[in-house]
Amino acid sequence: MFKNILVPVDLTDADLAKASIETAVGLARASNGVVRLLNVLPITPIVLAEYVPADFEAQQRASSEEALKIVARESGLDADQISTAVRQGGIYHEILEETKAMGADLIVMSSHRPAMRTYFLGSNAGHVVRFAKCSVLVVRR
């Protein structure tokens, strides 16, 4: 069925990510597939650049990589079935780029319940669903 599954993870909301990770793990086990956990870091606004340490982005990346490794270990999948990646940029753009880079055939992501602002502006999940070249499963808690 699905062999390469991408799971975008918002490390600031672990509870929200839990359902999508569990879903992806179940699908990977059923099809002997692999899972990649992805965290997207925002670009530091130029206005704030002078107020943060010079190695701020490197620290953020290292922190995200370590947190994703912990999530991967706790997923219950064998180490050869799960990997992690950290990207920096616009969330949905980087999700779509990682999908392409890894050859994902499924994206499993969590989404908040729609709010009035997302009806007008759209959400990251909405953009991914709209523009992904593979199947997307949006998991709600």
# chains A, B, ... in the order shown; residues from 1 in each chain; ligands from 1
>>> select_by_dssp(residues="stretch 28-138 of chain A", states="strand (DSSP E)", output="CSV table (one decimal) with N, CA, C and O atoms, in the first residue's frame")
chain,number,residue,atom,x,y,z
A,34,VAL,N,8.1,2.8,5.4
A,34,VAL,CA,9.0,3.6,6.3
A,34,VAL,C,8.3,4.9,6.6
A,34,VAL,O,7.5,5.4,5.8
A,35,VAL,N,8.7,5.5,7.7
A,35,VAL,CA,8.1,6.8,8.1
A,35,VAL,C,9.3,7.8,8.3
A,35,VAL,O,10.3,7.5,8.8
A,36,ARG,N,9.0,9.0,7.8
A,36,ARG,CA,10.0,10.1,8.1
A,36,ARG,C,9.2,11.2,8.8
A,36,ARG,O,8.2,11.7,8.4
A,37,LEU,N,9.8,11.6,10.0
A,37,LEU,CA,9.2,12.7,10.8
A,37,LEU,C,9.9,13.9,10.3
A,37,LEU,O,11.1,14.0,10.2
A,38,LEU,N,9.1,15.0,10.1
A,38,LEU,CA,9.7,16.2,9.6
A,38,LEU,C,9.2,17.4,10.5
A,38,LEU,O,8.1,17.5,10.9
A,39,ASN,N,10.2,18.2,10.9
A,39,ASN,CA,9.9,19.4,11.6
A,39,ASN,C,10.4,20.6,10.8
A,39,ASN,O,11.5,20.5,10.2
A,40,VAL,N,9.5,21.6,10.6
A,40,VAL,CA,9.9,22.8,9.8
A,40,VAL,C,10.1,24.0,10.8
A,40,VAL,O,9.2,24.3,11.5
A,41,LEU,N,11.3,24.5,10.8
A,41,LEU,CA,11.6,25.7,11.6
A,41,LEU,C,11.3,26.9,10.8
A,41,LEU,O,11.6,27.0,9.6
A,82,ILE,N,12.2,4.2,10.5
A,82,ILE,CA,11.8,5.6,10.8
A,82,ILE,C,13.1,6.5,10.7
A,82,ILE,O,14.1,6.1,11.1
A,83,SER,N,12.9,7.6,10.1
A,83,SER,CA,14.0,8.6,10.0
A,83,SER,C,13.4,10.0,10.4
A,83,SER,O,12.2,10.2,10.5
A,84,THR,N,14.3,11.0,10.5
A,84,THR,CA,13.9,12.3,10.8
A,84,THR,C,14.5,13.3,9.9
A,84,THR,O,15.6,13.0,9.3
A,85,ALA,N,13.9,14.5,9.7
A,85,ALA,CA,14.4,15.6,8.9
A,85,ALA,C,14.0,16.9,9.5
A,85,ALA,O,12.9,17.0,10.1
A,86,VAL,N,14.9,17.9,9.5
A,86,VAL,CA,14.5,19.2,9.9
A,86,VAL,C,14.8,20.1,8.7
A,86,VAL,O,15.8,20.1,8.1
A,87,ARG,N,13.8,21.0,8.4
A,87,ARG,CA,13.9,21.9,7.3
A,87,ARG,C,13.6,23.3,7.9
A,87,ARG,O,13.0,23.4,8.9
A,88,GLN,N,14.0,24.3,7.1
A,88,GLN,CA,13.7,25.7,7.5
A,88,GLN,C,13.0,26.4,6.4
A,88,GLN,O,13.5,26.4,5.3
A,106,LEU,N,2.6,9.1,0.7
A,106,LEU,CA,1.5,9.5,1.6
A,106,LEU,C,2.1,10.5,2.6
A,106,LEU,O,3.2,10.3,3.1
A,107,ILE,N,1.3,11.5,2.9
A,107,ILE,CA,1.6,12.5,4.0
A,107,ILE,C,0.5,12.3,5.0
A,107,ILE,O,-0.7,12.3,4.7
A,108,VAL,N,0.9,12.1,6.2
A,108,VAL,CA,-0.1,11.9,7.3
A,108,VAL,C,0.2,13.1,8.3
A,108,VAL,O,1.3,13.3,8.8
A,109,MET,N,-0.8,14.0,8.4
A,109,MET,CA,-0.6,15.2,9.2
A,109,MET,C,-1.8,15.5,10.1
A,109,MET,O,-2.9,15.2,9.7
A,110,SER,N,-1.5,16.1,11.2
A,110,SER,CA,-2.6,16.5,12.1
A,110,SER,C,-3.0,17.9,11.7
A,110,SER,O,-2.3,18.7,11.1
A,135,SER,N,-1.0,11.2,-1.9
A,135,SER,CA,-2.2,11.1,-1.0
A,135,SER,C,-1.8,11.9,0.3
A,135,SER,O,-0.7,11.8,0.7
A,136,VAL,N,-2.8,12.5,0.9
A,136,VAL,CA,-2.7,13.2,2.2
A,136,VAL,C,-3.8,12.7,3.1
A,136,VAL,O,-5.0,12.7,2.7
A,137,LEU,N,-3.4,12.3,4.3
A,137,LEU,CA,-4.4,11.9,5.3
A,137,LEU,C,-4.3,12.9,6.4
A,137,LEU,O,-3.2,13.1,7.0
A,138,VAL,N,-5.4,13.7,6.6
A,138,VAL,CA,-5.4,14.7,7.7
A,138,VAL,C,-6.1,14.0,8.9
A,138,VAL,O,-7.3,13.6,8.8
>>> closest_residue(among="A:Ile91, A:Val25, A:Ala79, A:Cys134", to="A:Gly103", atoms="only C-alpha atoms")
A:Cys134
>>> closest_residue(among="A:Glu97, A:Asp105, A:Asp78, A:Glu65", to="A:Val9", atoms="only C-alpha atoms")
A:Glu65
>>> residues_around(residues="A:His93", least_positions_apart="3", cutoff="12 Å", atoms="only C-alpha atoms", output="PyMOL selection string")
chain A and resi 8+40-42+87-90+96-100+124-132
>>> residues_around(residues="A:Leu27", least_positions_apart="4", cutoff="9 Å", atoms="only C-alpha atoms", output="list in words")
Met1, Phe2, Lys3, Ile5, Glu22, Thr23, Ser31, Asn32 and Gly33 of chain A
